[in-house]
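Worksheet: one structure, shown below.
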Amino acid sequence: MNTDCWLLVTADGWGGAFRIARALPGRLTAVVIGPRLLAEQVAAAGPDEVRWTDPGPVPAEAWGAALAGAAADAQPGVVLSTTDPAARVLLGAVAGRMHARLVPAAVALAVEDDRLLVRRAAVGGETIETLRCTGPVAVTYGGDDVAAASGAAAPVTPVELAAAPLAVIASEPLAVASGLEDADRVVSFGRGVRARDDVSLVQGLAAALGAELACSMPIADDLGWLDKSRYVGRSGNQISPALYLAVGIGGAPQHMEGVRGARVVAAVNNDPEARIFRTADYGIVGDLYDVVPELTKAVRNLPSKELEQ
Ligand SMILES: Cc1cc2nc3c(=O)[nH]c(=O)nc-3n(C[C@H](O)[C@H](O)[C@H](O)COP(=O)(O)OP(=O)(O)OC[C@H]3O[C@@H](n4cnc5c(N)ncnc54)[C@H](O)[C@@H]3O)c2cc1C
């Protein structure tokens with residue numbers, strides 16, 4: 001079994017994927033399409049090699065065909081992508097070219113009897129199933145993000161790409177009419193909310209606080225649980241409320257760019273190491289399914305004068 005692995009990285013949040021890739025006995029090549037700093041951070045975690053290119057203003061996905069060609073030449077046994085949308089698009093291109101089996105939502109990789117075993121989340125995250133795979137496999141990471149431990153730093157090899165396959169010729173901010181831009185309070189939720197039906201929990205808290213409801217990008221873009229005009233971040237709304245309360249949001253830099261102007265950022269997250277706690281002014285470490293109903297009750301019991309302040 002060929003356990004050489006390519007890890008595709010286009011943004012922060014690669015620590016969890018790196019950890020499961022490193023567990024394989026083969027050579028680990030990190031392919032970074034992003035800024036040099038990102039490549040250096042990945043290199044410091046200790047892959048065997050980093051191949052890096054900076055796409056500049058061109059979307060990383062535009063290099064799908066070139067990357068797929070390089071992967072077909074190198075023939076890694078496993079290609080793993082992080083969870084961010086660009087990396088997943090690149091993975092699809094590579095998998096198609098290599099005729100690799102696509103396995104989503106992996107949480108662990110191992111080799112047993114010369115076969116690759118992929119443990120992955122199934123049934124909406126309620127079950128972990130183990131798949132035995134033959135031939136090249138393309139895998140998306142499905143676990144939580146974790147900080148990568150540092151290892152023996154790997155060399156960063158710049159990869160020259162002949163010519164940008166696309167050029168950005170105009171960039172205009174979208175006119176957003178969600179009401180978020182003027183909101184004094186915003187309650188926002190992310191993938192910590194497990195099901196569409198559970199959105200009502202967060203909605204209840206927003207209503208109690210007299211806040212607008214917002215979300216992280218995957219909630220609107222991938223899951224469609226809120227309108228796209230309601231997500232916050234680099235590619236969505238940049239807002240400046242007096243209070244931004246983030247529920248079950250990891251705190252990726254692309255998300256936090258949208259709330260730089262917030263006066264107070266508070267977060268509820270069950271992972272004490274969650275990135276959002278690095279920037280939040282206040283944090284509650286706890287399961288949102290316990291914390292949000294309690295908070296809602298507490299807010300509802302506040303005298304209205306206090307709530308107005
Ligand atoms: C070019 C580019 C642009 C992007 N632009 C944006 C953007 O504008 N906006 C944006 O949001 N993202 C953007 N992203 C995506 C971004 O990188 C992250 O992938 C995304 O923000 C993650 O969303 P999340 O925090 O909801 O999910 P996750 O990162 O999966 O975080 C979920 C969090 O919920 C917590 N959690 C899980 N269960 C519970 C529970 N029961 N109780 C409490 N907490 C729980 C977890 O600990 C975790 O921290 C962009 C990415 C790229 C590459």
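Labels used: A, B, ... for chains in the order of the structure tokens, numbers from 1 for residues in each chain, and numbers from 1 for ligands as shown.
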For this session: Taking only C-alpha atoms and all ligand atoms into account, report as JSON, numbers by chain which residues have an atom no farther than 6 Å from an atom of ligand 1.
Result: {"A": [11, 84, 85, 86, 190, 191, 192, 216, 217, 218, 232, 233, 234, 235, 236, 248, 249, 250, 251, 252, 254, 255, 268, 269, 270, 271, 274, 286, 287, 288, 289]}
Selected residues written out with C-alpha atoms, as a JSON list (two decimals), in the first residue's frame:
[["chain", "number", "residue", "atom", "x", "y", "z"],
["A", 11, "ALA", "CA", -6.01, 28.55, 4.59],
["A", 84, "ASP", "CA", -11.95, 24.99, 3.72],
["A", 85, "PRO", "CA", -13.87, 25.33, 0.47],
["A", 86, "ALA", "CA", -10.90, 26.02, -1.82],
["A", 190, "GLY", "CA", -21.42, 28.23, 13.38],
["A", 191, "ARG", "CA", -20.97, 24.54, 12.79],
["A", 192, "GLY", "CA", -21.16, 23.84, 16.50],
["A", 216, "SER", "CA", -20.32, 31.68, 9.80],
["A", 217, "MET", "CA", -19.81, 31.11, 6.10],
["A", 218, "PRO", "CA", -20.36, 27.32, 6.00],
["A", 232, "VAL", "CA", -19.93, 37.35, 8.66],
["A", 233, "GLY", "CA", -16.30, 37.49, 7.61],
["A", 234, "ARG", "CA", -13.83, 38.33, 4.93],
["A", 235, "SER", "CA", -16.13, 37.25, 2.12],
["A", 236, "GLY", "CA", -19.35, 38.25, 3.87],
["A", 248, "GLY", "CA", -20.28, 27.33, 18.19],
["A", 249, "ILE", "CA", -17.96, 29.29, 15.92],
["A", 250, "GLY", "CA", -14.32, 28.23, 15.70],
["A", 251, "GLY", "CA", -12.92, 31.72, 15.12],
["A", 252, "ALA", "CA", -11.08, 31.23, 11.81],
["A", 254, "GLN", "CA", -11.48, 34.73, 7.72],
["A", 255, "HIS", "CA", -14.48, 34.86, 10.04],
["A", 268, "VAL", "CA", -19.59, 30.10, 23.56],
["A", 269, "ASN", "CA", -17.54, 27.07, 22.56],
["A", 270, "ASN", "CA", -17.08, 23.64, 24.11],
["A", 271, "ASP", "CA", -13.40, 23.52, 23.18],
["A", 274, "ALA", "CA", -10.87, 27.06, 20.27],
["A", 286, "GLY", "CA", -19.39, 24.79, 27.45],
["A", 287, "ASP", "CA", -21.81, 22.89, 25.28],
["A", 288, "LEU", "CA", -23.99, 25.39, 23.48],
["A", 289, "TYR", "CA", -26.94, 23.03, 23.91]]
Problem set entry | Residues near Val79 of chain A, cut-off 9 Å, only C-alpha atoms, skip fewer than 6 positions along chain, as a ChimeraX atom specification | /A:4-8,71,91,94-95,100,136-140
Exercise. Looking at only C-alpha atoms, which of A:Thr3, A:Thr10, A:Thr130, A:Thr157 is the one that sits closest to Leu90 of chain A?
Worked result: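 Under the stated criterion, the closest residue is A:Thr10.
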Exercise. Counting only C-alpha atoms, which of A:Met256, A:Val42, A:Val78, A:Ala60 gets nearest to His99 of chain A?
Worked result: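 Among A:Met256, A:Val42, A:Val78, A:Ala60, it is A:Val78 that comes nearest to His99 of chain A.
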Problem set entry | Long-range neighbours of Ala154 of chain A as a list of chain:residue names, 9 Å cut-off, only C-alpha atoms, 5 positions minimum in chain |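 Here the qualifying residues turn out to be A:Glu40, A:Val42, A:Ala43, A:Ala44, A:Ala45, A:Gly46, A:Pro47, A:Asp48, A:Glu49, A:Val50.
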Same residues, all heavy atoms, saved as a PDB file, in the first residue's frame:
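Written output follows (selection_39.pdb):
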ATOM      1  N   GLU A  40       5.151  28.567   5.736  1.00  0.00           N
ATOM      2  CA  GLU A  40       6.168  28.433   6.789  1.00  0.00           C
ATOM      3  C   GLU A  40       5.564  27.837   8.057  1.00  0.00           C
ATOM      4  O   GLU A  40       6.203  27.047   8.754  1.00  0.00           O
ATOM      5  CB  GLU A  40       6.801  29.797   7.074  1.00  0.00           C
ATOM      6  CG  GLU A  40       7.785  30.168   5.972  1.00  0.00           C
ATOM      7  CD  GLU A  40       8.249  31.608   6.036  1.00  0.00           C
ATOM      8  OE1 GLU A  40       7.793  32.338   6.933  1.00  0.00           O
ATOM      9  OE2 GLU A  40       9.056  31.989   5.167  1.00  0.00           O
ATOM     10  N   VAL A  42       3.059  25.729   8.161  1.00  0.00           N
ATOM     11  CA  VAL A  42       2.872  24.295   7.912  1.00  0.00           C
ATOM     12  C   VAL A  42       4.229  23.586   7.984  1.00  0.00           C
ATOM     13  O   VAL A  42       4.357  22.517   8.588  1.00  0.00           O
ATOM     14  CB  VAL A  42       2.196  24.059   6.536  1.00  0.00           C
ATOM     15  CG1 VAL A  42       2.097  22.574   6.240  1.00  0.00           C
ATOM     16  CG2 VAL A  42       0.804  24.695   6.504  1.00  0.00           C
ATOM     17  N   ALA A  43       5.261  24.217   7.415  1.00  0.00           N
ATOM     18  CA  ALA A  43       6.597  23.599   7.414  1.00  0.00           C
ATOM     19  C   ALA A  43       7.089  23.365   8.840  1.00  0.00           C
ATOM     20  O   ALA A  43       7.736  22.355   9.133  1.00  0.00           O
ATOM     21  CB  ALA A  43       7.578  24.484   6.650  1.00  0.00           C
ATOM     22  N   ALA A  44       6.745  24.291   9.745  1.00  0.00           N
ATOM     23  CA  ALA A  44       7.227  24.184  11.126  1.00  0.00           C
ATOM     24  C   ALA A  44       6.603  23.002  11.862  1.00  0.00           C
ATOM     25  O   ALA A  44       7.115  22.548  12.883  1.00  0.00           O
ATOM     26  CB  ALA A  44       6.933  25.477  11.874  1.00  0.00           C
ATOM     27  N   ALA A  45       5.489  22.502  11.342  1.00  0.00           N
ATOM     28  CA  ALA A  45       4.833  21.363  12.001  1.00  0.00           C
ATOM     29  C   ALA A  45       5.541  20.045  11.676  1.00  0.00           C
ATOM     30  O   ALA A  45       5.287  19.034  12.318  1.00  0.00           O
ATOM     31  CB  ALA A  45       3.369  21.293  11.586  1.00  0.00           C
ATOM     32  N   GLY A  46       6.410  20.064  10.644  1.00  0.00           N
ATOM     33  CA  GLY A  46       7.234  18.887  10.389  1.00  0.00           C
ATOM     34  C   GLY A  46       6.722  17.893   9.371  1.00  0.00           C
ATOM     35  O   GLY A  46       6.821  16.688   9.604  1.00  0.00           O
ATOM     36  N   PRO A  47       6.204  18.347   8.213  1.00  0.00           N
ATOM     37  CA  PRO A  47       5.998  17.374   7.130  1.00  0.00           C
ATOM     38  C   PRO A  47       7.367  17.026   6.550  1.00  0.00           C
ATOM     39  O   PRO A  47       8.383  17.562   6.989  1.00  0.00           O
ATOM     40  CB  PRO A  47       5.156  18.162   6.114  1.00  0.00           C
ATOM     41  CG  PRO A  47       5.548  19.585   6.330  1.00  0.00           C
ATOM     42  CD  PRO A  47       5.907  19.722   7.790  1.00  0.00           C
ATOM     43  N   ASP A  48       7.431  16.133   5.578  1.00  0.00           N
ATOM     44  CA  ASP A  48       8.728  15.848   4.961  1.00  0.00           C
ATOM     45  C   ASP A  48       9.107  16.937   3.969  1.00  0.00           C
ATOM     46  O   ASP A  48      10.278  17.167   3.703  1.00  0.00           O
ATOM     47  CB  ASP A  48       8.673  14.480   4.261  1.00  0.00           C
ATOM     48  CG  ASP A  48       8.479  13.382   5.289  1.00  0.00           C
ATOM     49  OD1 ASP A  48       9.366  13.227   6.140  1.00  0.00           O
ATOM     50  OD2 ASP A  48       7.418  12.736   5.289  1.00  0.00           O
ATOM     51  N   GLU A  49       8.084  17.600   3.432  1.00  0.00           N
ATOM     52  CA  GLU A  49       8.352  18.573   2.376  1.00  0.00           C
ATOM     53  C   GLU A  49       7.149  19.504   2.259  1.00  0.00           C
ATOM     54  O   GLU A  49       6.016  19.092   2.520  1.00  0.00           O
ATOM     55  CB  GLU A  49       8.510  17.770   1.068  1.00  0.00           C
ATOM     56  CG  GLU A  49       8.713  18.565  -0.165  1.00  0.00           C
ATOM     57  CD  GLU A  49       8.569  17.716  -1.434  1.00  0.00           C
ATOM     58  OE1 GLU A  49       8.102  16.558  -1.348  1.00  0.00           O
ATOM     59  OE2 GLU A  49       8.907  18.238  -2.497  1.00  0.00           O
ATOM     60  N   VAL A  50       7.416  20.760   1.899  1.00  0.00           N
ATOM     61  CA  VAL A  50       6.306  21.673   1.597  1.00  0.00           C
ATOM     62  C   VAL A  50       6.508  22.194   0.183  1.00  0.00           C
ATOM     63  O   VAL A  50       7.575  22.708  -0.149  1.00  0.00           O
ATOM     64  CB  VAL A  50       6.265  22.869   2.574  1.00  0.00           C
ATOM     65  CG1 VAL A  50       5.180  23.864   2.152  1.00  0.00           C
ATOM     66  CG2 VAL A  50       6.008  22.402   3.995  1.00  0.00           C
TER      67      VAL A  50
END
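Excluding Gly142 of chain A itself and any same-chain residue fewer than 4 positions from it, the protein and nucleic acid residues within 6 Å of it, counting only C-alpha atoms, are Ala105, Ala106 and Val107 of chain A.
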Exercise. Using only C-alpha atoms, which of the listed residues (A:Arg22, A:Arg132, A:Arg300, A:Arg278) sits closest to Ala148 of chain A?
Worked result: A:Arg22
Seminar exercise, completed: Between atom CA of Ile276 of chain A and atom CA of Ser200 of chain A lies a distance of 22.7 Å
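Distances from A:Ser304, A:Asn237, A:Asn2, A:Gln41 to Pro155 of chain A were compared using only C-alpha atoms, and the smallest one belongs to A:Gln41.
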